[in-house]
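The file upload.cif comes next; it holds mmCIF, C-alpha atoms.
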data_my_file
loop_
_atom_site.label_atom_id
_atom_site.label_comp_id
_atom_site.auth_asym_id
_atom_site.auth_seq_id
_atom_site.Cartn_x
_atom_site.Cartn_y
_atom_site.Cartn_z
CA MET A 1 25.62 -9.26 -26.63
CA GLY A 2 22.20 -8.83 -28.20
CA ILE A 3 21.01 -10.20 -31.55
CA TYR A 4 20.53 -6.71 -33.04
CA PRO A 5 23.23 -4.12 -33.86
CA PRO A 6 24.16 -2.03 -30.79
CA PRO A 7 22.29 1.18 -31.83
CA LEU A 8 19.07 -0.79 -32.32
CA GLU A 9 19.61 -2.69 -29.05
CA ASN A 10 20.09 0.67 -27.38
CA LEU A 11 16.79 2.01 -28.71
CA ILE A 12 14.94 -1.15 -27.63
CA ARG A 13 16.48 -0.89 -24.18
CA HIS A 14 15.36 2.74 -23.80
CA LEU A 15 11.86 2.11 -25.14
CA SER A 16 11.35 -0.87 -22.84
CA LYS A 17 11.91 1.43 -19.84
CA LEU A 18 8.64 3.20 -20.67
CA PRO A 19 5.54 2.14 -18.73
CA GLY A 20 3.33 -0.35 -20.52
CA ILE A 21 6.04 -1.29 -23.01
CA GLY A 22 7.73 -4.62 -22.57
CA GLN A 23 10.68 -6.05 -24.46
CA LYS A 24 8.53 -7.34 -27.34
CA SER A 25 6.60 -4.10 -27.81
CA ALA A 26 9.84 -2.11 -27.61
CA THR A 27 11.36 -4.27 -30.34
CA ARG A 28 8.28 -3.82 -32.54
CA VAL A 29 8.32 -0.02 -32.07
CA ALA A 30 12.07 0.18 -32.69
CA LEU A 31 11.83 -1.87 -35.90
CA HIS A 32 8.92 0.30 -37.05
CA ILE A 33 10.95 3.48 -36.50
CA LEU A 34 13.83 1.91 -38.38
CA LYS A 35 11.66 0.97 -41.36
CA LYS A 36 9.97 4.38 -41.71
CA PRO A 37 11.59 7.45 -43.33
CA LYS A 38 14.11 9.44 -41.27
CA GLY A 39 11.54 12.23 -40.82
CA LEU A 40 9.59 10.17 -38.30
CA ALA A 41 12.63 9.72 -36.07
CA GLU A 42 13.43 13.43 -36.34
CA ASP A 43 9.87 14.48 -35.48
CA LEU A 44 9.79 12.02 -32.62
CA SER A 45 13.08 13.16 -31.09
CA ARG A 46 12.02 16.82 -31.50
CA SER A 47 8.69 16.11 -29.76
CA LEU A 48 10.42 14.29 -26.91
CA LEU A 49 12.69 17.24 -26.23
CA GLU A 50 9.90 19.78 -26.68
CA VAL A 51 7.66 18.04 -24.18
CA LYS A 52 10.44 18.11 -21.57
CA GLU A 53 11.22 21.77 -22.23
CA LYS A 54 7.74 23.26 -22.56
CA ILE A 55 5.44 21.22 -20.36
CA THR A 56 5.20 22.28 -16.71
CA PHE A 57 2.69 21.94 -13.90
CA CYS A 58 -0.27 24.30 -13.81
CA SER A 59 0.25 26.40 -10.69
CA VAL A 60 -3.45 26.07 -9.81
CA CYS A 61 -4.51 22.46 -10.48
CA PHE A 62 -1.07 20.85 -10.96
CA ASN A 63 -2.01 19.21 -14.21
CA PHE A 64 0.53 19.19 -17.05
CA THR A 65 0.29 22.27 -19.24
CA ASP A 66 2.22 24.39 -21.71
CA GLN A 67 0.51 27.56 -20.43
CA ASP A 68 0.24 28.56 -16.80
CA PRO A 69 -2.53 28.52 -15.61
CA CYS A 70 -3.80 25.71 -17.81
CA PRO A 71 -6.74 26.25 -20.22
CA ILE A 72 -9.22 24.62 -17.81
CA CYS A 73 -8.19 26.84 -14.89
CA ARG A 74 -8.37 29.93 -17.14
CA ASP A 75 -11.78 29.04 -18.56
CA ASP A 76 -14.34 31.35 -16.92
CA THR A 77 -17.23 29.32 -18.31
CA ARG A 78 -16.30 26.27 -16.25
CA GLY A 79 -18.37 25.83 -13.11
CA ASN A 80 -16.42 27.50 -10.40
CA GLY A 81 -16.95 26.15 -6.95
CA VAL A 82 -16.68 22.44 -7.83
CA ILE A 83 -13.32 20.66 -7.74
CA CYS A 84 -12.75 17.09 -8.85
CA ILE A 85 -9.70 15.53 -7.19
CA VAL A 86 -7.83 12.95 -9.27
CA GLU A 87 -4.71 10.85 -8.72
CA GLY A 88 -2.85 11.81 -11.89
CA PRO A 89 -3.05 13.64 -15.22
CA GLY A 90 -4.25 10.48 -16.99
CA ASP A 91 -7.30 10.30 -14.71
CA GLN A 92 -8.09 13.97 -15.34
CA LEU A 93 -7.90 13.34 -19.06
CA ALA A 94 -10.27 10.36 -18.81
CA ILE A 95 -12.90 12.43 -16.97
CA GLU A 96 -12.44 15.36 -19.33
CA GLU A 97 -12.92 13.08 -22.33
CA SER A 98 -16.29 12.00 -20.96
CA GLY A 99 -17.41 15.60 -21.50
CA PHE A 100 -19.80 15.43 -18.55
CA PHE A 101 -17.88 17.25 -15.83
CA LYS A 102 -17.71 21.01 -16.26
CA GLY A 103 -15.98 21.99 -13.03
CA ARG A 104 -12.31 22.29 -12.20
CA TYR A 105 -9.69 19.71 -11.23
CA HIS A 106 -6.94 19.18 -8.69
CA VAL A 107 -4.24 16.63 -9.48
CA LEU A 108 -2.71 14.96 -6.39
CA HIS A 109 0.15 13.27 -8.28
CA GLY A 110 -0.20 9.95 -6.52
CA VAL A 111 -1.98 8.28 -3.64
CA LEU A 112 -1.05 7.61 -0.03
CA SER A 113 1.18 4.54 0.11
CA PRO A 114 3.19 4.10 3.32
CA LEU A 115 4.80 0.93 1.91
CA ASP A 116 6.35 3.06 -0.84
CA GLY A 117 7.17 5.88 1.58
CA ILE A 118 4.44 8.15 0.19
CA GLY A 119 2.64 10.12 2.88
CA PRO A 120 0.38 13.21 2.90
CA ASP A 121 3.38 15.55 2.53
CA ASP A 122 4.36 13.88 -0.75
CA LEU A 123 1.07 14.70 -2.49
CA LYS A 124 -0.41 18.05 -3.55
CA ILE A 125 -2.62 18.13 -0.44
CA ALA A 126 -1.29 21.33 1.13
CA GLU A 127 -1.84 23.04 -2.23
CA LEU A 128 -5.41 21.73 -2.29
CA LEU A 129 -6.12 23.17 1.16
CA MET A 130 -4.73 26.54 0.08
CA ARG A 131 -6.97 26.41 -3.00
CA LEU A 132 -10.04 25.66 -0.92
CA ASP A 133 -9.32 28.71 1.23
CA ARG A 134 -8.53 30.91 -1.74
CA GLU A 135 -11.32 29.93 -4.14
CA LYS A 136 -14.99 29.79 -3.20
CA ILE A 137 -15.41 26.02 -3.30
CA SER A 138 -18.82 24.55 -2.55
CA GLU A 139 -18.21 20.92 -3.55
CA VAL A 140 -15.27 18.54 -3.72
CA ILE A 141 -15.60 15.30 -5.72
CA MET A 142 -13.10 12.55 -4.88
CA ALA A 143 -12.31 10.68 -8.09
CA MET A 144 -9.48 8.45 -6.89
CA ASN A 145 -9.33 4.89 -8.24
CA PRO A 146 -11.20 2.30 -6.14
CA THR A 147 -7.98 0.60 -5.04
CA THR A 148 -6.94 0.18 -1.39
CA GLU A 149 -4.57 3.16 -1.66
CA GLY A 150 -7.05 5.26 -3.65
CA GLU A 151 -9.84 4.69 -1.16
CA ALA A 152 -7.55 5.28 1.83
CA THR A 153 -6.51 8.59 0.22
CA ALA A 154 -10.14 9.58 -0.34
CA SER A 155 -10.97 8.71 3.30
CA PHE A 156 -7.98 10.70 4.53
CA LEU A 157 -9.01 13.76 2.51
CA GLY A 158 -12.62 13.32 3.55
CA LYS A 159 -11.64 13.53 7.21
CA LEU A 160 -9.28 16.43 6.55
CA LEU A 161 -11.99 18.45 4.83
CA SER A 162 -14.87 17.43 7.09
CA ASN A 163 -14.70 20.59 9.20
CA LYS A 164 -15.00 22.85 6.17
CA GLN A 165 -18.37 24.02 4.88
CA ILE A 166 -17.95 22.05 1.64
CA ALA A 167 -20.07 19.25 0.18
CA LEU A 168 -17.90 16.14 -0.17
CA SER A 169 -18.68 13.30 -2.54
CA ARG A 170 -17.04 10.17 -3.93
CA ILE A 171 -17.53 8.89 -7.48
CA ALA A 172 -19.89 5.88 -7.53
CA LEU A 173 -18.49 2.35 -7.35
CA GLY A 174 -20.17 -0.74 -8.74
CA ILE A 175 -20.85 -2.82 -11.83
CA PRO A 176 -19.03 -1.47 -14.91
CA MET A 177 -20.86 -1.01 -18.24
CA GLY A 178 -20.76 -4.32 -20.07
CA GLY A 179 -19.94 -6.17 -16.86
CA ASP A 180 -21.37 -9.51 -15.82
CA LEU A 181 -22.95 -9.88 -12.37
CA LYS A 182 -21.93 -13.51 -11.96
CA TYR A 183 -18.25 -12.58 -12.20
CA MET A 184 -18.47 -9.73 -9.69
CA ASP A 185 -16.97 -10.03 -6.22
CA ALA A 186 -18.93 -9.41 -3.04
CA MET A 187 -17.30 -6.01 -2.43
CA THR A 188 -18.32 -4.66 -5.86
CA LEU A 189 -21.87 -5.96 -5.48
CA LEU A 190 -22.08 -4.40 -2.02
CA HIS A 191 -21.00 -1.02 -3.40
CA ALA A 192 -23.36 -1.36 -6.36
CA LEU A 193 -26.34 -2.07 -4.11
CA LYS A 194 -25.40 0.72 -1.68
CA SER A 195 -25.02 3.21 -4.54
CA ARG A 196 -28.21 2.17 -6.35
CA THR A 197 -30.20 4.99 -7.90
CA PRO A 198 -33.99 5.35 -8.24
CA LEU A 199 -35.37 4.27 -11.60
CA ARG A 200 -37.33 7.04 -13.30
CA PRO A 201 -39.33 5.84 -16.31
CA MET B 202 2.62 -28.24 -14.71
CA ASN B 203 1.10 -28.44 -11.22
CA ALA B 204 -1.23 -25.60 -10.30
CA TYR B 205 -1.81 -24.63 -6.69
CA MET B 206 -4.73 -22.93 -5.08
CA SER B 207 -4.48 -21.39 -1.65
CA PRO B 208 -5.59 -18.44 0.43
CA ALA B 209 -3.14 -15.56 0.06
CA ILE B 210 -2.72 -12.04 1.38
CA ILE B 211 -1.68 -9.53 -1.28
CA MET B 212 1.43 -7.68 -0.07
CA ARG B 213 2.49 -5.63 -3.09
CA VAL B 214 1.17 -4.99 -6.56
CA LYS B 215 3.14 -3.42 -9.38
CA GLU B 216 1.99 -2.64 -12.88
CA VAL B 217 4.17 -4.21 -15.59
CA GLY B 218 3.80 -4.19 -19.34
CA GLU B 219 0.56 -3.18 -20.97
CA SER B 220 -1.91 -4.97 -18.74
CA ASP B 221 0.03 -7.30 -16.44
CA LEU B 222 0.58 -7.11 -12.70
CA LEU B 223 3.54 -8.28 -10.67
CA VAL B 224 2.07 -9.47 -7.39
CA THR B 225 3.80 -10.37 -4.13
CA PHE B 226 1.62 -12.42 -1.80
CA PHE B 227 1.87 -14.36 1.45
CA THR B 228 0.58 -17.90 1.87
CA ALA B 229 0.37 -20.20 4.86
CA GLN B 230 2.25 -23.13 3.37
CA LYS B 231 4.81 -21.50 1.08
CA GLY B 232 5.36 -18.12 2.72
CA ARG B 233 6.10 -15.11 0.53
CA LEU B 234 5.77 -15.66 -3.23
CA SER B 235 5.74 -13.47 -6.32
CA GLY B 236 4.01 -14.01 -9.62
CA VAL B 237 2.81 -12.36 -12.79
CA ALA B 238 -0.89 -12.00 -13.47
CA LYS B 239 -1.11 -11.74 -17.25
CA GLY B 240 -3.74 -9.31 -18.48
CA ALA B 241 -4.98 -8.74 -14.91
CA ARG B 242 -5.60 -5.02 -15.36
CA LYS B 243 -8.11 -5.70 -18.13
CA SER B 244 -9.51 -8.92 -16.69
CA ARG B 245 -13.22 -8.92 -15.94
CA LYS B 246 -13.40 -12.57 -15.00
CA ARG B 247 -10.15 -14.08 -13.73
CA PHE B 248 -9.05 -11.39 -11.27
CA VAL B 249 -12.06 -9.18 -10.51
CA ASN B 250 -10.92 -7.05 -7.55
CA ALA B 251 -8.77 -9.93 -6.37
CA LEU B 252 -5.35 -8.35 -6.66
CA ASP B 253 -5.82 -5.27 -4.55
CA LEU B 254 -3.37 -4.44 -1.79
CA PHE B 255 -3.79 -6.26 1.55
CA SER B 256 -6.79 -8.29 0.33
CA LEU B 257 -7.30 -11.91 1.35
CA VAL B 258 -7.90 -13.91 -1.81
CA SER B 259 -8.10 -17.46 -3.01
CA LEU B 260 -5.29 -17.54 -5.55
CA GLU B 261 -4.58 -20.10 -8.25
CA TYR B 262 -0.97 -20.15 -9.41
CA ALA B 263 1.52 -22.35 -11.20
CA PRO B 264 5.29 -22.38 -11.69
CA ARG B 265 6.57 -21.08 -15.02
CA ARG B 266 9.00 -22.92 -17.24
CA GLN B 267 11.66 -20.27 -16.68
CA GLY B 268 12.53 -17.99 -13.79
CA ASN B 269 11.37 -17.77 -10.20
CA LEU B 270 8.18 -15.86 -10.82
CA LEU B 271 4.93 -17.83 -10.73
CA LEU B 272 2.12 -17.49 -13.20
CA LEU B 273 -1.10 -16.37 -11.52
CA GLU B 274 -4.06 -18.06 -13.16
CA SER B 275 -7.05 -16.64 -11.30
CA GLY B 276 -8.11 -15.13 -8.00
CA LYS B 277 -11.25 -14.77 -5.96
CA LEU B 278 -11.69 -12.11 -3.31
CA LEU B 279 -12.33 -13.54 0.16
CA ASN B 280 -11.96 -10.43 2.34
CA ALA B 281 -11.03 -6.93 1.16
CA TYR B 282 -10.71 -5.71 4.78
CA PRO B 283 -12.85 -2.67 3.91
CA GLY B 284 -12.03 -0.85 7.16
CA LEU B 285 -8.40 -0.43 6.04
CA ARG B 286 -9.59 1.68 3.11
CA ALA B 287 -11.75 3.87 5.28
CA ASP B 288 -9.10 4.96 7.76
CA PHE B 289 -5.57 6.12 6.97
CA SER B 290 -4.37 5.21 10.47
CA ALA B 291 -5.54 1.60 10.04
CA PHE B 292 -4.10 1.56 6.51
CA SER B 293 -0.72 2.75 7.85
CA LYS B 294 -0.74 0.11 10.59
CA ALA B 295 -1.54 -2.56 7.99
CA SER B 296 1.33 -1.29 5.82
CA TYR B 297 3.63 -1.50 8.81
CA MET B 298 2.61 -5.10 9.53
CA ILE B 299 3.16 -6.07 5.89
CA GLU B 300 6.62 -4.47 5.80
CA LEU B 301 7.61 -6.24 9.02
CA THR B 302 6.37 -9.55 7.58
CA GLU B 303 8.45 -8.97 4.44
CA ILE B 304 11.58 -8.47 6.55
CA LEU B 305 10.99 -11.35 8.95
CA PHE B 306 9.87 -13.85 6.33
CA PRO B 307 11.87 -13.55 3.12
CA PRO B 308 10.93 -15.76 0.15
CA GLY B 309 11.38 -19.43 0.95
CA VAL B 310 10.60 -19.09 4.67
CA SER B 311 7.14 -20.38 5.50
CA GLU B 312 5.30 -20.17 8.80
CA PRO B 313 1.59 -21.11 8.76
CA ASP B 314 0.99 -19.36 12.10
CA MET B 315 2.34 -16.13 10.64
CA PHE B 316 -0.29 -16.23 7.91
CA ASP B 317 -3.02 -16.63 10.53
CA LEU B 318 -1.54 -13.81 12.61
CA LEU B 319 -1.46 -11.46 9.61
CA ASN B 320 -4.99 -12.38 8.58
CA LEU B 321 -6.41 -11.94 12.10
CA SER B 322 -4.53 -8.67 12.63
CA LEU B 323 -5.72 -7.15 9.32
CA ASP B 324 -9.25 -8.28 10.11
CA ALA B 325 -9.16 -6.74 13.61
CA LEU B 326 -7.82 -3.47 12.19
CA SER B 327 -10.49 -3.48 9.49
CA ARG B 328 -13.24 -3.99 12.06
CA GLY B 329 -11.82 -1.24 14.26
CA GLU B 330 -11.28 -3.66 17.15
CA LYS B 331 -8.75 -2.31 19.71
CA THR B 332 -6.72 -0.75 16.90
CA HIS B 333 -4.18 0.65 19.38
CA LEU B 334 -3.41 -2.88 20.61
CA VAL B 335 -3.35 -4.73 17.27
CA PRO B 336 0.11 -3.53 16.10
CA LEU B 337 1.64 -4.40 19.51
CA VAL B 338 0.15 -7.90 19.61
CA PHE B 339 1.12 -8.43 15.98
CA GLU B 340 4.71 -7.25 16.39
CA PHE B 341 5.47 -9.20 19.58
CA ARG B 342 4.07 -12.38 18.00
CA ALA B 343 5.71 -11.78 14.62
CA LEU B 344 9.14 -11.08 16.11
CA SER B 345 8.73 -14.15 18.28
CA MET B 346 7.90 -16.34 15.27
CA GLY B 347 10.71 -14.74 13.30
CA GLY B 348 13.24 -15.86 15.93
CA PHE B 349 13.50 -12.60 17.87
CA ARG B 350 11.56 -13.43 21.03
CA ILE B 351 12.46 -11.32 24.06
CA ASP B 352 13.77 -13.57 26.85
CA THR B 353 11.91 -12.70 30.02
CA GLY B 354 12.81 -15.89 31.91
CA ARG B 355 16.10 -14.83 33.46
CA CYS B 356 18.67 -12.07 33.83
CA ALA B 357 20.71 -11.96 30.63
CA ARG B 358 23.86 -11.13 32.65
CA CYS B 359 23.80 -13.26 35.86
CA ALA B 360 21.22 -15.85 34.66
CA ARG B 361 19.17 -15.46 37.83
CA PRO B 362 15.60 -16.64 37.04
CA TYR B 363 13.02 -13.87 36.97
CA GLN B 364 10.24 -14.70 39.38
CA GLY B 365 7.89 -11.89 38.44
CA GLU B 366 8.96 -9.63 41.28
CA GLY B 367 10.79 -6.34 41.17
CA THR B 368 11.81 -4.09 38.33
CA ALA B 369 14.13 -5.31 35.58
CA VAL B 370 15.74 -3.39 32.73
CA PHE B 371 15.49 -4.18 29.03
CA LEU B 372 18.82 -4.83 27.30
CA PRO B 373 18.41 -4.57 23.50
CA GLU B 374 21.89 -6.00 22.83
CA THR B 375 21.02 -9.25 24.64
CA GLY B 376 17.45 -9.55 23.37
CA GLY B 377 16.41 -9.97 26.99
CA MET B 378 16.47 -8.17 30.32
CA ALA B 379 18.68 -7.79 33.34
CA CYS B 380 18.07 -7.55 37.07
CA LEU B 381 18.79 -4.22 38.75
CA LYS B 382 22.09 -5.60 40.10
CA CYS B 383 23.34 -6.20 36.57
CA GLY B 384 21.77 -3.34 34.62
CA ARG B 385 20.88 0.30 35.12
CA PRO B 386 17.79 1.93 33.69
CA SER B 387 18.47 4.45 30.94
CA ALA B 388 16.85 5.76 27.75
CA LEU B 389 18.34 2.79 25.89
CA SER B 390 17.56 0.33 28.71
CA PRO B 391 14.08 1.23 29.94
CA PRO B 392 12.95 -0.13 33.31
CA LEU B 393 10.41 -2.94 33.12
CA LYS B 394 7.87 -3.21 35.92
CA PRO B 395 6.57 -6.74 36.68
CA SER B 396 3.29 -5.83 34.96
CA VAL B 397 5.23 -4.91 31.78
CA VAL B 398 7.25 -8.15 31.86
CA LYS B 399 4.00 -10.08 32.26
CA ALA B 400 2.49 -8.18 29.32
CA ILE B 401 5.51 -9.03 27.13
CA GLU B 402 5.15 -12.73 28.02
CA THR B 403 1.43 -12.64 27.26
CA LEU B 404 1.81 -10.87 23.92
CA GLN B 405 4.65 -13.17 22.84
CA HIS B 406 3.10 -16.48 23.79
CA ARG B 407 -0.70 -16.25 23.76
CA PRO B 408 -2.68 -16.79 20.56
CA PHE B 409 -3.83 -13.56 18.87
CA ARG B 410 -7.45 -13.69 20.05
CA GLU B 411 -6.45 -14.31 23.66
CA ALA B 412 -3.79 -11.59 23.60
CA MET B 413 -6.35 -9.15 22.22
CA LYS B 414 -8.47 -9.65 25.34
CA GLU B 415 -5.78 -7.89 27.38
CA ASP B 416 -6.74 -4.51 28.73
CA LEU B 417 -3.36 -2.87 29.21
CA PRO B 418 -3.00 0.50 30.94
CA GLU B 419 -1.64 3.37 28.85
CA ASP B 420 1.71 3.58 30.73
CA THR B 421 2.29 -0.16 30.08
CA MET B 422 1.46 0.32 26.39
CA LYS B 423 3.88 3.23 26.23
CA THR B 424 6.73 1.17 27.72
CA LEU B 425 5.91 -1.76 25.41
CA ARG B 426 6.16 0.53 22.38
CA VAL B 427 9.58 1.81 23.54
CA VAL B 428 10.82 -1.75 24.15
CA LEU B 429 9.58 -2.92 20.77
CA LYS B 430 11.22 -0.01 18.95
CA LEU B 431 14.58 -0.62 20.66
CA HIS B 432 14.36 -4.38 20.17
CA ARG B 433 13.25 -4.17 16.53
CA GLU B 434 15.85 -1.61 15.47
CA TYR B 435 18.67 -3.48 17.23
CA ARG B 436 17.71 -6.91 15.87
CA LEU B 437 16.70 -5.89 12.34
CA GLU B 438 19.42 -3.24 12.06
CA ARG B 439 17.09 -0.89 10.24
CA LYS B 440 14.21 1.50 10.63
CA LEU B 441 11.05 0.45 8.87
CA ARG B 442 9.94 2.76 6.06
CA THR B 443 6.34 2.70 7.31
CA SER B 444 7.22 3.35 10.97
CA LYS B 445 6.93 7.14 10.66
CA TYR B 446 3.24 6.75 9.90
CA VAL B 447 2.47 4.66 12.98
CA GLU B 448 4.80 5.97 15.70
#
Structure encoded using structure tokens:
Amino acid sequence: MGIYPPPLENLIRHLSKLPGIGQKSATRVALHILKKPKGLAEDLSRSLLEVKEKITFCSVCFNFTDQDPCPICRDDTRGNGVICIVEGPGDQLAIEESGFFKGRYHVLHGVLSPLDGIGPDDLKIAELLMRLDREKISEVIMAMNPTTEGEATASFLGKLLSNKQIALSRIALGIPMGGDLKYMDAMTLLHALKSRTPLRP
Amino acid sequence: MNAYMSPAIIMRVKEVGESDLLVTFFTAQKGRLSGVAKGARKSRKRFVNALDLFSLVSLEYAPRRQGNLLLLESGKLLNAYPGLRADFSAFSKASYMIELTEILFPPGVSEPDMFDLLNLSLDALSRGEKTHLVPLVFEFRALSMGGFRIDTGRCARCARPYQGEGTAVFLPETGGMACLKCGRPSALSPPLKPSVVKAIETLQHRPFREAMKEDLPEDTMKTLRVVLKLHREYRLERKLRTSKYVE
């Protein structure tokens, strides 16, 4: 039996199932909800249900959306012909927030991971190939994370698309902004030196 | 509390909490271990690129006051095996070798030679060296170290010593082979030519680098793969999750 009353324990238990929220954070959130007026809990529960009912996958890029196709896929001003492939919706959001990329996206919903039983058929790869045939794509940018699985996925897709008349590129890898060279590993330094760019004063 | 530092191969990584990682790794002296790397996902100093899947790292860890999980203090990348990231086939083979290691060496079972075998095999795969042979050499050696060596010395039924002459048949249920008087070739008991029996002995007993010098014909390789599959599935009583990506 927990130290809190059962309804509160129940809320903590459910919150701690969410990614990035441990037992302590769940307790803090639950106590916060308890302290605030009832309206917060009502709004929160309504939002939770609404998100499950209204959010679906965009039938073009497979990002989450409440309209199909999503606003990005419907936007005629976005540079057609360039697709940026990302692992998940969170990665798409991060690139979109940078405001630099003006092309379209394709969300794979994961990376290749044989240890977890995830192979090419478990990702939105077939849908990507159909898109490439359907839309006039001139460039594909691989924006998977630089992890072992992310890079293996990018290599796999690179080989798969190599016979198509499409420019393939990978986002640059190297020293992050605010990083410190003396703490970098050999692999990062190697990538940074390989991907160096000419300095134009 | 005592802290340890040793080379380790990262077997699995799972995100937990806001910035922590739950890491399973394999060491020479203590076998398979698991630990929590606090704040590793935001770390720019303690774990820079060190906790990526299948990497060889120098890992510093200490026991925690409670529970079985260790506390990972820091890590330094020694070899990221870059070739595994550049080729899905090599990546799948590496995944297969890791899964087999997990099954053969549960936590608490250490085998220094197994660490060397895993390290050398991942390195050979990464460098693209005889990548068709690496999984075979690895699996014969790993099964052998895990206590599932195939007995090629005698007939499992009549105990007649095998002198390296004539065809034998593989008997998965005995973990060995039988002479043609005691066993009949079938899909579940493939015939073993003397050259195949010799190859099994070589792959089971010779050190990795020596075994990798073997230049086995394709028909021998094919038979060895069939034997391994039958042997593995009978002994381990399961099909590996990663096997569909390498078979």
Shell around Ser207 in chain B at 9 Å using only C-alpha atoms, local window under 4 positions removed, as a PyMOL selection string
chain B and resi 228-230+258-262
Need the shell around Lys294 in chain B: protein/DNA/RNA residues with any atom at most 12 Å away, counting only C-alpha atoms. Skip same-chain ones fewer than 3 positions apart. Format as a VMD selection string?
(chain A and resid 113 to 115) or (chain B and resid 255 284 to 286 288 to 291 297 to 301 319 322 to 327 329 332 to 337 339 to 340 441 to 448)
Determine the residue set returned by the PyMOL selection byres ((chain A and resi 136) around 6) for the present structure, and present it as a PDB file with C-alpha atoms, keeping the file's coordinate frame.
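This went into result_10.pdb:
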ATOM      1  CA  GLY A  81     -16.950  26.150  -6.950  1.00  0.00           C
ATOM      2  CA  GLU A 135     -11.320  29.930  -4.140  1.00  0.00           C
ATOM      3  CA  ILE A 137     -15.410  26.020  -3.300  1.00  0.00           C
TER       4      ILE A 137
END
Selection in question (the file shown): the PyMOL selection byres ((chain A) within 10 of (chain B)). Which residues does it include, as a VMD selection string?
chain A and resid 16 to 25 112 to 120 146 to 159 176 178 to 180 182 to 188
One decimal place gives the CA of Arg439 in chain B-CA of Arg342 in chain B separation as 19.0 Å
I want to know what sits within 8 Å of Ala379 in chain B, based on only C-alpha atoms, with residues of the same chain fewer than 4 positions away left out; could you give that as an MDAnalysis selection string?
chainID B and resid 355:359 369:372 383:384
Given the selection you just returned, output its residues as a file containing C-alpha atoms, formatted as a compact mmCIF listing (two decimals), in the coordinates of the input.
# COMPACT_ATOMS: atom_id res chain seq x y z
CA ARG B 355 16.10 -14.83 33.46
CA CYS B 356 18.67 -12.07 33.83
CA ALA B 357 20.71 -11.96 30.63
CA ARG B 358 23.86 -11.13 32.65
CA CYS B 359 23.80 -13.26 35.86
CA ALA B 369 14.13 -5.31 35.58
CA VAL B 370 15.74 -3.39 32.73
CA PHE B 371 15.49 -4.18 29.03
CA LEU B 372 18.82 -4.83 27.30
CA CYS B 383 23.34 -6.20 36.57
CA GLY B 384 21.77 -3.34 34.62
Applied to the shown file, which residues does the PyMOL selection byres ((chain B and resi 435) around 12) return, written as an MDAnalysis selection string?
chainID B and resid 349 372:377 389 428:434 436:441
Length of the CA of Glu330 in chain B to CA of Val398 in chain B vector [Å]:
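Pair CA of Glu330 in chain B / CA of Val398 in chain B returns 24.1 Å.
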What does the distance between CA of Pro7 in chain A and CA of Arg46 in chain A come to in Å, to one decimal place?
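Value for the CA of Pro7 in chain A-CA of Arg46 in chain A distance: 18.7 Å.
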Could you give me the centre and size, in Å to one decimal, of an axis-aligned box around all listed atoms of range 210-215 of chain B with 5 Å added on every side, as AutoDock Vina command-line options?
--center_x 0.2 --center_y -7.7 --center_z -4.0 --size_x 15.9 --size_y 18.6 --size_z 20.8
Selected residue, from A:Leu181, A:Ala41, A:Glu139, A:Cys73, that lies nearest to Leu11 in chain A when counting only C-alpha atoms:
A:Ala41
Extract, using only C-alpha atoms, all DNA, RNA and protein residues at most 8 Å from Lys102 in chain A, discarding same-chain residues fewer than 3 positions from it, and format them as a VMD selection string.
chain A and resid 78 to 79 99
What's around range 411-423 of chain B at 8 Å? Count all atoms listed in the file, leave out sequence neighbours fewer than 3 positions away in its own chain, and write the answer as an NGL selection string.
:B and (331 or 334-335 or 338 or 396-397 or 400 or 403-404 or 407-408 or 426-427)
Just checking: using all atoms listed in the file, which residue out of A:Pro6, A:Asp76, A:Val60, A:Glu53 ends up closest to Leu108 in chain A?
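Using all atoms listed in the file, Leu108 in chain A sits closest to A:Val60.
With distances taken over all atoms listed in the file, A:Ser138 is the one residue among A:Thr27, A:Ser195, A:Asn10, A:Ser138 lying closest to Cys84 in chain A.
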Between A:Ala30, A:Arg134, A:Ala143, A:Leu161, which one has atoms that come closest to Leu173 in chain A, using only C-alpha atoms?
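Among the listed residues, the smallest separation from Leu173 in chain A belongs to A:Ala143.
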